[in-house]
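**Student:** Quick one, start20.txt (compact mmCIF, C-alpha atoms):
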```
# COMPACT_ATOMS: atom_id res chain seq x y z
CA MET A 229 0.00 0.00 0.00
CA GLY A 230 3.06 2.21 0.18
CA PRO A 231 2.83 3.53 -3.41
CA ALA A 232 -0.90 4.29 -2.98
CA VAL A 233 -0.22 6.24 0.20
CA ARG A 234 2.62 8.14 -1.47
CA ALA A 235 0.49 8.86 -4.57
CA LEU A 236 -2.34 10.22 -2.43
CA GLY A 237 0.10 12.31 -0.43
CA TRP A 238 1.70 13.80 -3.54
CA ALA A 239 -1.66 14.40 -5.23
CA GLY A 240 -2.92 16.27 -2.14
CA ARG A 241 0.27 18.32 -1.85
CA PHE A 242 0.26 19.15 -5.57
CA LEU A 243 -3.37 20.24 -5.48
CA LEU A 244 -2.74 22.36 -2.38
CA VAL A 245 0.30 24.06 -3.89
CA PHE A 246 -1.51 24.59 -7.21
CA ALA A 247 -4.55 26.10 -5.48
CA ALA A 248 -2.37 28.33 -3.28
CA LEU A 249 -0.32 29.55 -6.28
CA TYR A 250 -3.45 30.12 -8.37
CA LEU A 251 -5.07 32.08 -5.53
CA ALA A 252 -1.94 34.11 -4.79
CA THR A 253 -1.21 35.01 -8.43
CA SER A 254 -4.84 35.84 -9.21
CA LEU A 255 -5.13 38.07 -6.13
CA TYR A 256 -1.83 39.78 -6.94
CA SER A 257 -2.84 40.18 -10.57
CA PHE A 258 -6.22 41.51 -9.52
CA SER A 259 -4.61 44.09 -7.24
CA VAL A 260 -2.34 45.17 -10.12
CA MET A 261 -5.35 45.50 -12.43
CA MET A 262 -7.43 47.47 -9.94
CA GLY A 263 -4.79 50.19 -9.78
CA GLY A 264 -6.46 52.03 -12.65
CA GLY A 265 -7.96 49.08 -14.45
CA PHE A 266 -11.56 50.19 -14.15
CA ALA A 267 -12.55 53.77 -14.84
CA LEU A 268 -15.84 55.65 -15.06
CA GLY A 269 -16.13 58.71 -17.31
CA LYS A 270 -18.18 61.85 -16.95
CA PRO A 271 -21.92 61.17 -17.19
CA ALA A 272 -23.78 62.75 -20.10
CA PHE A 273 -27.50 63.59 -20.08
CA ARG A 274 -29.80 63.42 -23.06
CA VAL A 275 -33.36 64.67 -22.96
CA THR A 276 -35.91 63.88 -25.65
CA ALA A 277 -39.67 64.14 -25.69
CA GLU A 278 -39.96 60.50 -24.58
CA GLU A 279 -37.05 59.89 -22.30
CA LEU A 280 -34.30 61.23 -20.16
CA ALA A 281 -31.12 59.17 -20.52
CA VAL A 282 -27.96 59.22 -18.47
CA SER A 283 -24.93 57.75 -20.24
CA ILE A 284 -21.86 56.81 -18.22
CA PRO A 285 -18.75 55.84 -20.21
CA PHE A 286 -16.59 53.15 -18.62
CA SER A 287 -13.47 51.19 -19.45
CA PHE A 288 -11.84 47.95 -18.31
CA ASN A 289 -8.10 47.87 -18.83
CA ASN A 290 -7.00 44.34 -18.01
CA THR A 291 -3.35 44.69 -17.07
CA GLY A 292 -3.40 41.48 -15.01
CA TYR A 293 -2.29 37.94 -15.87
CA TYR A 294 -5.76 36.43 -16.24
CA ASP A 295 -8.92 37.11 -18.23
CA LEU A 296 -11.85 39.00 -16.84
CA ASN A 297 -15.31 37.57 -17.63
CA ASP A 298 -18.99 38.28 -17.26
CA ALA A 299 -18.60 41.92 -16.28
CA ASN A 300 -21.99 43.30 -15.42
CA LEU A 301 -22.94 46.87 -14.61
CA THR A 302 -26.52 47.34 -13.41
CA ALA A 303 -28.40 50.45 -12.36
CA ILE A 304 -31.93 50.50 -10.98
CA ILE A 305 -33.80 53.73 -10.34
CA ARG A 306 -36.76 53.58 -7.97
CA ASP A 307 -39.16 56.13 -6.62
CA LYS A 308 -39.54 56.74 -2.88
CA GLU A 309 -42.24 54.07 -2.68
CA GLY A 310 -39.85 51.52 -4.15
CA ASN A 311 -41.47 51.20 -7.59
CA VAL A 312 -38.88 50.47 -10.27
CA LEU A 313 -38.77 53.32 -12.78
CA SER A 314 -35.80 52.15 -14.79
CA ARG A 315 -33.48 49.19 -14.93
CA ALA A 316 -30.43 49.16 -17.16
CA GLU A 317 -27.86 46.43 -17.51
CA THR A 318 -24.61 46.46 -19.49
CA LEU A 319 -22.72 43.23 -20.05
CA VAL A 320 -19.15 42.75 -21.16
CA ALA A 321 -18.61 39.08 -21.96
CA SER A 322 -14.83 38.99 -21.76
CA VAL A 323 -11.79 41.23 -21.39
CA ALA A 324 -8.75 39.17 -22.27
CA ARG A 325 -5.51 39.90 -20.45
CA GLY A 326 -3.56 42.78 -21.92
CA THR A 327 -6.60 44.26 -23.64
CA ARG A 328 -8.84 47.22 -22.99
CA VAL A 329 -12.60 47.36 -23.46
CA GLU A 330 -14.60 50.56 -23.50
CA GLY A 331 -18.34 50.92 -23.31
CA VAL A 332 -21.18 53.17 -22.33
CA HIS A 333 -23.70 52.30 -19.67
CA SER A 334 -26.95 54.03 -20.55
CA VAL A 335 -29.79 54.41 -18.08
CA PRO A 336 -32.97 55.49 -19.85
CA LEU A 337 -35.77 57.00 -17.82
CA SER A 338 -39.11 57.04 -19.58
CA ILE A 339 -40.63 60.42 -18.99
CA MET A 340 -44.15 59.01 -19.21
CA LYS A 341 -43.32 56.32 -16.67
CA VAL A 342 -41.61 58.69 -14.28
CA PHE A 343 -44.03 61.51 -14.53
CA SER A 344 -47.34 59.84 -15.26
CA GLY A 345 -49.78 60.95 -12.62
CA ASN A 346 -47.47 63.37 -10.90
CA MET A 347 -45.57 64.95 -13.75
CA THR A 348 -46.63 68.40 -12.63
CA LYS A 349 -45.42 67.67 -9.12
CA LEU A 350 -41.98 66.61 -10.27
CA LEU A 351 -41.71 69.57 -12.59
CA LEU A 352 -42.57 71.97 -9.79
CA GLU A 353 -41.29 70.32 -6.62
CA ASP A 354 -37.92 68.95 -5.59
CA ASP A 355 -37.95 65.23 -4.90
CA GLU A 356 -35.68 62.28 -4.44
CA PHE A 357 -35.12 58.99 -6.29
CA LYS A 358 -33.47 55.88 -4.95
CA VAL A 359 -30.69 54.31 -7.00
CA ASP A 360 -29.13 50.85 -6.79
CA ILE A 361 -25.85 50.39 -8.67
CA SER A 362 -23.88 47.18 -8.84
CA LEU A 363 -20.72 46.12 -10.61
CA GLY A 364 -19.75 42.47 -10.80
CA PHE A 365 -17.30 40.31 -12.70
CA ARG A 366 -15.34 37.08 -12.57
CA TYR A 367 -11.58 37.15 -12.59
CA ALA A 368 -9.22 34.33 -13.57
CA HIS A 369 -12.30 32.15 -14.21
CA ALA A 370 -12.45 31.55 -10.47
CA LEU A 371 -12.82 34.69 -8.37
CA GLY A 372 -16.20 36.40 -8.42
CA PHE A 373 -16.61 39.99 -7.24
CA ARG A 374 -19.69 42.13 -6.84
CA LEU A 375 -19.80 45.62 -5.42
CA GLY A 376 -23.26 46.99 -4.87
CA PHE A 377 -24.55 50.36 -3.72
CA THR A 378 -28.17 50.13 -2.64
CA ASP A 379 -30.70 52.77 -1.66
CA MET A 380 -28.44 55.64 -2.70
CA SER A 381 -30.26 58.96 -2.82
CA LEU A 382 -30.51 60.78 -6.12
CA PRO A 383 -31.93 64.24 -5.51
CA TRP A 384 -34.34 65.49 -8.13
CA GLY A 385 -34.24 69.25 -8.69
CA ALA A 386 -37.49 70.67 -10.06
CA PRO A 387 -36.86 72.38 -13.41
CA LEU A 388 -39.70 74.80 -12.70
CA GLY A 389 -39.24 75.21 -8.95
CA ASN A 390 -41.16 78.04 -7.29
CA LEU A 391 -43.07 78.70 -10.52
CA SER A 392 -45.05 81.87 -10.21
CA VAL A 393 -47.32 83.49 -12.83
CA ARG A 394 -48.91 86.64 -11.45
CA PRO A 395 -51.16 88.92 -13.49
CA PHE A 396 -50.65 92.36 -11.98
CA GLY A 397 -52.05 95.08 -14.18
CA LEU A 398 -54.33 95.89 -17.07
CA ARG A 399 -53.62 98.82 -19.39
CA PHE A 400 -54.73 100.14 -22.75
CA ASN A 401 -52.05 100.84 -25.37
CA GLY A 402 -54.31 102.72 -27.76
CA THR A 403 -55.38 99.72 -29.80
CA HIS A 404 -55.57 96.78 -27.35
CA HIS A 405 -56.11 96.08 -23.70
CA ILE A 406 -52.90 94.54 -22.36
CA LEU A 407 -52.68 92.35 -19.26
CA ARG A 408 -49.20 92.40 -17.72
CA VAL A 409 -48.09 89.12 -16.22
CA GLU A 410 -44.92 88.39 -14.25
CA LEU A 411 -43.55 84.86 -14.87
CA SER A 412 -40.71 83.53 -12.74
CA PHE A 413 -39.24 80.20 -11.72
CA GLU A 414 -36.03 78.64 -10.43
CA ASN A 415 -34.42 75.76 -12.30
CA HIS A 416 -33.27 73.54 -9.42
CA SER A 417 -32.16 70.75 -11.72
CA PRO A 418 -28.40 70.14 -11.74
CA PHE A 419 -28.42 68.94 -15.35
CA LEU A 420 -31.68 69.81 -17.17
CA PRO A 421 -31.84 73.14 -19.00
CA VAL A 422 -35.22 74.78 -19.45
CA SER A 423 -35.38 76.43 -22.83
CA GLY A 424 -38.08 77.03 -25.37
CA SER A 425 -41.49 78.52 -25.48
CA VAL A 426 -43.91 78.74 -22.58
CA LYS A 427 -47.58 79.35 -23.22
CA VAL A 428 -49.60 81.17 -20.57
CA GLU A 429 -53.41 81.30 -20.45
CA VAL A 430 -55.15 83.49 -17.89
CA TYR A 431 -58.68 82.55 -16.83
CA ASN A 432 -61.02 84.36 -14.47
CA GLU A 433 -62.89 82.68 -11.62
CA ARG A 434 -65.75 81.75 -14.03
CA ALA A 435 -63.19 79.86 -16.20
CA LYS A 436 -63.47 82.44 -18.98
CA LEU A 437 -60.25 82.86 -20.97
CA VAL A 438 -59.05 86.41 -20.33
CA GLY A 439 -55.96 86.26 -22.51
CA LEU A 440 -53.11 84.11 -23.71
CA GLY A 441 -49.53 84.58 -24.80
CA TRP A 442 -46.16 82.95 -25.37
CA VAL A 443 -42.78 83.78 -23.97
CA ASP A 444 -39.35 82.35 -24.70
CA VAL A 445 -37.55 81.12 -21.63
CA GLU A 446 -33.91 80.21 -21.21
CA ALA A 447 -32.81 78.89 -17.81
CA PRO A 448 -29.63 76.86 -17.57
CA PRO A 449 -29.34 74.32 -14.71
CA ARG A 450 -29.35 75.89 -11.24
CA SER A 451 -30.50 79.33 -12.32
CA ARG A 452 -33.40 81.70 -11.78
CA PHE A 453 -35.55 83.08 -14.58
CA ALA A 454 -38.03 85.97 -14.48
CA THR A 455 -39.71 87.86 -17.29
CA PRO A 456 -42.68 90.14 -17.81
CA LEU A 457 -45.30 89.01 -20.31
CA GLU A 458 -47.98 90.99 -22.05
CA LEU A 459 -51.27 89.33 -23.03
CA VAL A 460 -53.85 90.86 -25.31
CA VAL A 461 -57.24 90.95 -23.58
CA GLU A 462 -60.35 90.95 -25.74
CA ASP A 463 -62.70 92.25 -23.09
CA PRO A 464 -61.18 93.99 -20.02
CA SER A 465 -64.27 93.25 -17.94
CA TRP A 466 -63.35 89.55 -18.02
CA PHE A 467 -60.28 90.26 -15.87
CA THR A 468 -61.55 90.27 -12.30
CA GLY A 469 -58.24 89.87 -10.54
CA VAL A 470 -59.10 86.35 -9.36
CA GLY A 471 -58.86 83.07 -11.26
CA ARG A 472 -56.39 80.54 -12.57
CA VAL A 473 -53.41 80.55 -14.88
CA HIS A 474 -52.65 77.60 -17.18
CA VAL A 475 -49.01 77.18 -18.11
CA TYR A 476 -47.80 74.92 -20.95
CA THR A 477 -44.12 74.08 -21.35
CA GLU A 478 -42.13 72.67 -24.24
CA ALA A 479 -38.73 72.05 -22.68
CA PRO A 480 -37.40 70.09 -20.93
CA PHE A 481 -40.76 68.30 -21.27
CA LYS A 482 -43.87 68.99 -23.27
CA LEU A 483 -46.30 69.49 -20.45
CA GLY A 484 -49.49 71.27 -19.64
CA PRO A 485 -51.55 72.66 -18.35
CA VAL A 486 -49.94 73.39 -15.01
CA VAL A 487 -52.78 75.13 -13.19
CA LEU A 488 -51.89 77.91 -10.74
CA PRO A 489 -54.39 80.09 -8.87
CA TYR A 490 -53.93 83.84 -8.64
CA GLY A 491 -55.61 86.70 -6.83
CA MET B 294 18.70 -2.78 35.56
CA ALA B 295 15.82 -4.50 33.83
CA GLU B 296 13.41 -2.31 35.80
CA GLU B 297 15.26 0.86 34.69
CA ASN B 298 15.05 -0.26 31.04
CA GLY B 299 11.31 -0.96 31.49
CA ILE B 300 10.71 2.67 32.52
CA ARG B 301 13.18 4.33 30.14
CA ARG B 302 11.96 2.62 26.95
CA PRO B 303 8.36 3.94 27.03
CA LEU B 304 9.68 7.29 28.29
CA TRP B 305 12.04 7.62 25.30
CA ARG B 306 9.13 6.76 23.07
CA ILE B 307 6.82 9.40 24.65
CA VAL B 308 9.29 12.28 25.01
CA PRO B 309 9.75 12.97 21.26
CA ARG B 310 5.99 12.78 20.76
CA VAL B 311 5.33 15.26 23.57
CA ALA B 312 8.10 17.49 22.22
CA LYS B 313 6.58 17.33 18.72
CA ALA B 314 3.12 18.11 20.12
CA ALA B 315 4.53 21.01 22.13
CA ALA B 316 6.31 22.34 19.03
CA TRP B 317 3.09 22.19 17.01
CA ALA B 318 1.18 23.88 19.84
CA ALA B 319 3.80 26.63 20.11
CA PHE B 320 3.73 27.14 16.32
CA TYR B 321 -0.06 27.51 16.20
CA ILE B 322 -0.18 29.76 19.27
CA ILE B 323 2.47 32.05 17.75
CA LEU B 324 0.56 32.00 14.44
CA LEU B 325 -2.70 32.90 16.21
CA ASN B 326 -1.11 35.83 18.00
CA SER B 327 0.78 37.11 14.98
CA LEU B 328 -2.21 37.32 12.64
CA PRO B 329 -2.70 41.00 11.71
CA LEU B 330 -6.37 40.83 12.63
CA LYS B 331 -6.50 44.10 14.56
CA SER B 332 -5.56 46.08 11.46
CA LEU B 333 -8.70 44.89 9.65
CA PRO B 334 -11.94 46.91 9.62
CA ALA B 335 -14.36 46.01 12.42
CA GLU B 336 -16.94 44.56 10.00
CA VAL B 337 -14.39 42.19 8.44
CA LEU B 338 -12.67 41.47 11.75
CA GLY B 339 -15.86 40.16 13.34
CA GLU B 340 -16.26 37.57 10.59
CA LEU B 341 -12.63 36.68 10.06
CA ALA B 342 -11.21 36.70 13.59
CA GLY B 343 -13.62 34.03 14.81
CA PHE B 344 -12.92 31.89 11.75
CA ALA B 345 -9.12 32.15 12.06
CA GLN B 346 -9.15 31.45 15.81
CA ASN B 347 -11.44 28.43 15.50
CA LEU B 348 -9.42 27.09 12.56
CA ILE B 349 -6.16 27.37 14.50
CA ILE B 350 -7.73 25.74 17.58
CA ILE B 351 -8.92 22.80 15.44
CA LEU B 352 -5.47 22.45 13.83
CA LEU B 353 -3.79 22.73 17.23
CA VAL B 354 -5.98 20.09 18.90
CA PHE B 355 -5.50 17.60 16.05
CA ALA B 356 -1.77 18.34 15.71
CA VAL B 357 -1.23 17.65 19.43
CA ALA B 358 -3.46 14.56 19.38
CA GLY B 359 -1.78 13.27 16.19
CA SER B 360 1.71 13.83 17.60
CA LEU B 361 0.96 12.12 20.91
CA THR B 362 -0.53 9.08 19.17
CA SER B 363 1.88 8.95 16.23
CA GLY B 364 2.77 5.44 15.09
CA THR B 365 -0.55 4.06 16.33
CA ILE B 366 -3.87 3.52 14.60
CA LEU B 367 -5.26 6.42 16.65
CA ALA B 368 -3.01 8.88 14.80
CA TYR B 369 -4.73 7.96 11.51
CA ALA B 370 -8.14 8.15 13.17
CA PHE B 371 -7.26 11.67 14.32
CA GLY B 372 -5.97 12.52 10.85
CA PHE B 373 -9.23 11.25 9.34
CA ALA B 374 -11.30 13.20 11.87
CA LYS B 375 -9.19 16.33 11.33
CA GLY B 376 -9.80 16.19 7.57
CA LEU B 377 -13.56 15.80 7.90
CA THR B 378 -13.76 18.47 10.63
CA LEU B 379 -11.78 20.95 8.54
CA ILE B 380 -13.91 20.28 5.46
CA ALA B 381 -17.17 20.74 7.37
CA PHE B 382 -15.89 23.74 9.35
CA THR B 383 -14.49 25.69 6.37
CA TRP B 384 -17.48 24.92 4.12
CA ILE B 385 -20.02 26.01 6.75
CA THR B 386 -18.09 28.99 8.12
CA LEU B 387 -17.11 30.35 4.70
CA ASN B 388 -20.66 29.83 3.41
CA GLY B 389 -19.49 27.54 0.63
CA GLY B 390 -17.05 30.18 -0.66
CA LEU B 391 -19.55 33.00 -0.99
CA LEU B 392 -18.88 35.86 1.43
CA THR B 393 -20.94 39.04 1.62
CA LEU B 394 -20.03 42.13 3.60
CA THR B 395 -22.46 45.01 4.01
CA PHE B 396 -21.49 48.46 5.22
CA PRO B 397 -24.00 51.25 5.91
CA SER B 398 -23.32 54.30 3.77
CA GLY B 399 -25.41 57.45 4.03
CA GLY B 400 -29.01 56.40 3.82
CA GLY B 401 -28.12 53.27 1.85
CA ALA B 402 -25.67 50.42 2.00
CA VAL B 403 -22.55 49.21 0.23
CA THR B 404 -22.41 45.46 -0.31
CA PHE B 405 -19.29 43.57 -1.29
CA THR B 406 -19.64 39.97 -2.38
CA LEU B 407 -16.68 37.68 -2.93
CA ASP B 408 -17.16 34.30 -4.61
CA PHE B 409 -14.15 32.01 -4.17
CA THR B 410 -16.00 28.70 -4.48
CA VAL B 411 -13.48 27.35 -7.01
CA TYR B 412 -10.47 27.88 -4.72
CA LEU B 413 -12.31 26.55 -1.68
CA THR B 414 -13.29 23.43 -3.63
CA MET B 415 -9.65 22.91 -4.60
CA PHE B 416 -8.51 23.22 -0.97
CA LEU B 417 -11.26 20.90 0.23
CA LEU B 418 -10.39 18.34 -2.46
CA ALA B 419 -6.79 18.40 -1.25
CA GLU B 420 -8.07 17.86 2.29
CA LEU B 421 -10.27 15.01 1.06
CA LEU B 422 -7.18 13.36 -0.47
CA GLY B 423 -5.58 13.67 2.97
CA VAL B 424 -8.60 11.89 4.50
CA ALA B 425 -8.29 9.09 1.92
CA ARG B 426 -4.54 8.88 2.64
CA ASN B 427 -5.24 8.44 6.37
CA VAL B 428 -7.71 5.62 5.63
CA VAL B 429 -5.20 3.83 3.39
CA GLN B 430 -2.41 4.33 5.96
CA ALA B 431 -4.62 2.91 8.72
CA LEU B 432 -5.43 -0.12 6.56
CA ASP B 433 -1.72 -0.52 5.78
CA LEU B 434 -0.82 -0.44 9.48
CA LEU B 435 -3.52 -2.96 10.37
CA SER B 436 -2.53 -5.35 7.57
CA ARG B 437 1.15 -5.15 8.60
CA ARG B 438 0.19 -5.97 12.19
CA VAL B 439 -1.85 -8.95 11.02
CA GLU B 440 1.06 -10.09 8.82
CA ARG B 441 3.47 -9.74 11.75
CA SER B 442 1.16 -11.66 14.13
CA GLU B 443 0.76 -14.46 11.57
CA THR B 444 4.51 -14.76 10.93
CA PRO B 445 5.81 -17.69 12.98
```
Just dump the structure as structure tokens.
**Tutor:**
Amino acid sequence: MGPAVRALGWAGRFLLVFAALYLATSLYSFSVMMGGGFALGKPAFRVTAEELAVSIPFSFNNTGYYDLNDANLTAIIRDKEGNVLSRAETLVASVARGTRVEGVHSVPLSIMKVFSGNMTKLLLEDDEFKVDISLGFRYAHALGFRLGFTDMSLPWGAPLGNLSVRPFGLRFNGTHHILRVELSFENHSPFLPVSGSVKVEVYNERAKLVGLGWVDVEAPPRSRFATPLELVVEDPSWFTGVGRVHVYTEAPFKLGPVVLPYG
Amino acid sequence: MAEENGIRRPLWRIVPRVAKAAAWAAFYIILLNSLPLKSLPAEVLGELAGFAQNLIIILLVFAVAGSLTSGTILAYAFGFAKGLTLIAFTWITLNGGLLTLTFPSGGGAVTFTLDFTVYLTMFLLAELLGVARNVVQALDLLSRRVERSETP
């Protein structure tokens, strides 16, 4: 039985040494790779009529001795109640040793899904989203890593924060009766510009349209905008000083009417 | 003279075994105290310190028991038991090679998951070969004893 005992002994020792060397070299190689191997670029925002998309460029530079597989970058955006608003997953099948792979992780946020029901609220009031981000991959076909950030707060800045539309005076310019309206808002969003045309309709308390007009607005992120607006009034008796204003926006989202009382 | 030899012979047989057991015990105690556990973060330390201490205690107990009984069938029984204990202990304590650490961060949490199932399987296979080796060695010892007792 001597040879069998020796064979078992050598097999065990060989396997132990092999496993220890494999573990040591893969950990060392991993630490070498992590010193600048994974990088995230500057996020870019894209706003269309249907969606708001955040694109984050990333790169894996595999400077280690082993291949990197099944890299997975996942982002989930939820509202405060925990409802999933967006889920985006980017997969990189393999990054062979000595190579570099670049990609873009795009997180689309459907405007209809996010804002349906409370679009006006989010346009006018600051809020907060919850974000889960996770990055996982396998290294050296044996080591699996996953780093996850859960329940991270993503503050939402209202693009039309503190929106105020205040009719404040009626005058006659010789040909028309003009209603002067003061429109102001603060763009609290850190990335969304508000630019384009805003339509304002002034109604009295009997829901009779007193006058309407358009104004071009231009408010970069984190800025305040205020402008006077002049509306042509058909019949000055319709303006009673009390009623509602309907505001329609085009950018960043086509929205309206946002109904605001005055008087 | 014959009485002196009767005491000395078993004593000379036991002394090296006790010395070997003491050396193993000293080695594992030094190893336990020299582990840089205090430099680890508290969250990791809680998980790892208990594992390392228990592992070293298991190794120490079986090393001492194996040294004291070396050359007997009991040594292989201890070797066999050590192998199975280590396999069960590491598999259960290390959650089958899937470790998850969670740290609170702001209002949320950061979770780090490490999957080293492949390496753990390799180490446990090596340990399993050691268990098999102990069984074969025990059988070898028993068969040699039988052969010796049957030799006229």
**Student:** If we count all atoms listed in the file, what is near B:Ala358 at a cut-off of 10 Å, once residues fewer than 2 positions away on the same chain are taken out, given as a PDB file with C-alpha atoms, keeping the file's coordinate frame?
**Tutor:**
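Dumped to around-v1.pdb:
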```pdb
ATOM      1  CA  ARG B 310       5.990  12.780  20.760  1.00  0.00           C
ATOM      2  CA  VAL B 311       5.330  15.260  23.570  1.00  0.00           C
ATOM      3  CA  ALA B 314       3.120  18.110  20.120  1.00  0.00           C
ATOM      4  CA  LEU B 352      -5.470  22.450  13.830  1.00  0.00           C
ATOM      5  CA  LEU B 353      -3.790  22.730  17.230  1.00  0.00           C
ATOM      6  CA  VAL B 354      -5.980  20.090  18.900  1.00  0.00           C
ATOM      7  CA  PHE B 355      -5.500  17.600  16.050  1.00  0.00           C
ATOM      8  CA  ALA B 356      -1.770  18.340  15.710  1.00  0.00           C
ATOM      9  CA  SER B 360       1.710  13.830  17.600  1.00  0.00           C
ATOM     10  CA  LEU B 361       0.960  12.120  20.910  1.00  0.00           C
ATOM     11  CA  THR B 362      -0.530   9.080  19.170  1.00  0.00           C
ATOM     12  CA  SER B 363       1.880   8.950  16.230  1.00  0.00           C
ATOM     13  CA  LEU B 367      -5.260   6.420  16.650  1.00  0.00           C
ATOM     14  CA  ALA B 368      -3.010   8.880  14.800  1.00  0.00           C
ATOM     15  CA  PHE B 371      -7.260  11.670  14.320  1.00  0.00           C
ATOM     16  CA  GLY B 372      -5.970  12.520  10.850  1.00  0.00           C
TER      17      GLY B 372
END
```
**Student:** Quick one: residues within 12 Å of stretch 392-401 of chain A, only C-alpha atoms, excluding same-chain residues fewer than 3 positions away - as a PyMOL selection string?
**Tutor:** chain A and resi 352+388-389+404-414+426-432+438-440+452-476+486-491
**Student:** At a cut-off of 9 Å, which residues of chain A touch chain B? Count all atoms listed in the file and give the answer as a ChimeraX atom specification.
**Tutor:** /A:229-230,232-237,239-244,246-248,250-251,362,364,366,369-381
**Student:** Show which residues sit within 8 Å of stretch 260-265 of chain A, as a ChimeraX atom specification. Count only C-alpha atoms, and ignore same-chain residues fewer than 5 positions away.
**Tutor:** /A:287-292
**Student:** For the residues selected in the previous step, produce a file with C-alpha atoms as an mmCIF file, in the coordinates of the input.
**Tutor:**
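Contents of part_7.cif, as written:
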```cif
data_model
loop_
_atom_site.group_PDB
_atom_site.id
_atom_site.type_symbol
_atom_site.label_atom_id
_atom_site.label_comp_id
_atom_site.auth_asym_id
_atom_site.auth_seq_id
_atom_site.Cartn_x
_atom_site.Cartn_y
_atom_site.Cartn_z
ATOM 1 C CA SER A 287 -13.470 51.190 -19.450
ATOM 2 C CA PHE A 288 -11.840 47.950 -18.310
ATOM 3 C CA ASN A 289 -8.100 47.870 -18.830
ATOM 4 C CA ASN A 290 -7.000 44.340 -18.010
ATOM 5 C CA THR A 291 -3.350 44.690 -17.070
ATOM 6 C CA GLY A 292 -3.400 41.480 -15.010
#
```
**Student:** Would you compute the distance between atom CA of B:Leu325 and atom CA of B:Ile380? Give it in Å to one decimal.
**Tutor:**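 Distance between the two atoms: 20.0 Å.
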**Student:** Interatomic distance between atom CA of A:Ser417 and atom CA of A:Ala272?
**Tutor:**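 Rounded to one decimal, the two atoms are 14.3 Å apart.
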**Student:** To one decimal place, how far is atom CA of A:Val282 from atom CA of A:Gly269 in Å?
**Tutor:** 11.9 Å
**Student:** Closest to A:Ala316 among A:Ala386, A:Val332, A:Leu420, A:Ala435, using only C-alpha atoms?
**Tutor:**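 Of the candidates, the smallest distance to A:Ala316 is held by A:Val332.
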**Student:** Starting from the point (-26.7, 55.4, -19.5), work out which residues of protein, DNA or RNA have an atom no more than 7 Å away when counting all atoms listed in the file; state them as a count of residues only.
**Tutor:** 9
**Student:** A:Tyr294, A:Val320, A:Glu478, A:Leu391: which is nearest A:Lys349, counting all atoms listed in the file?
**Tutor:** A:Leu391
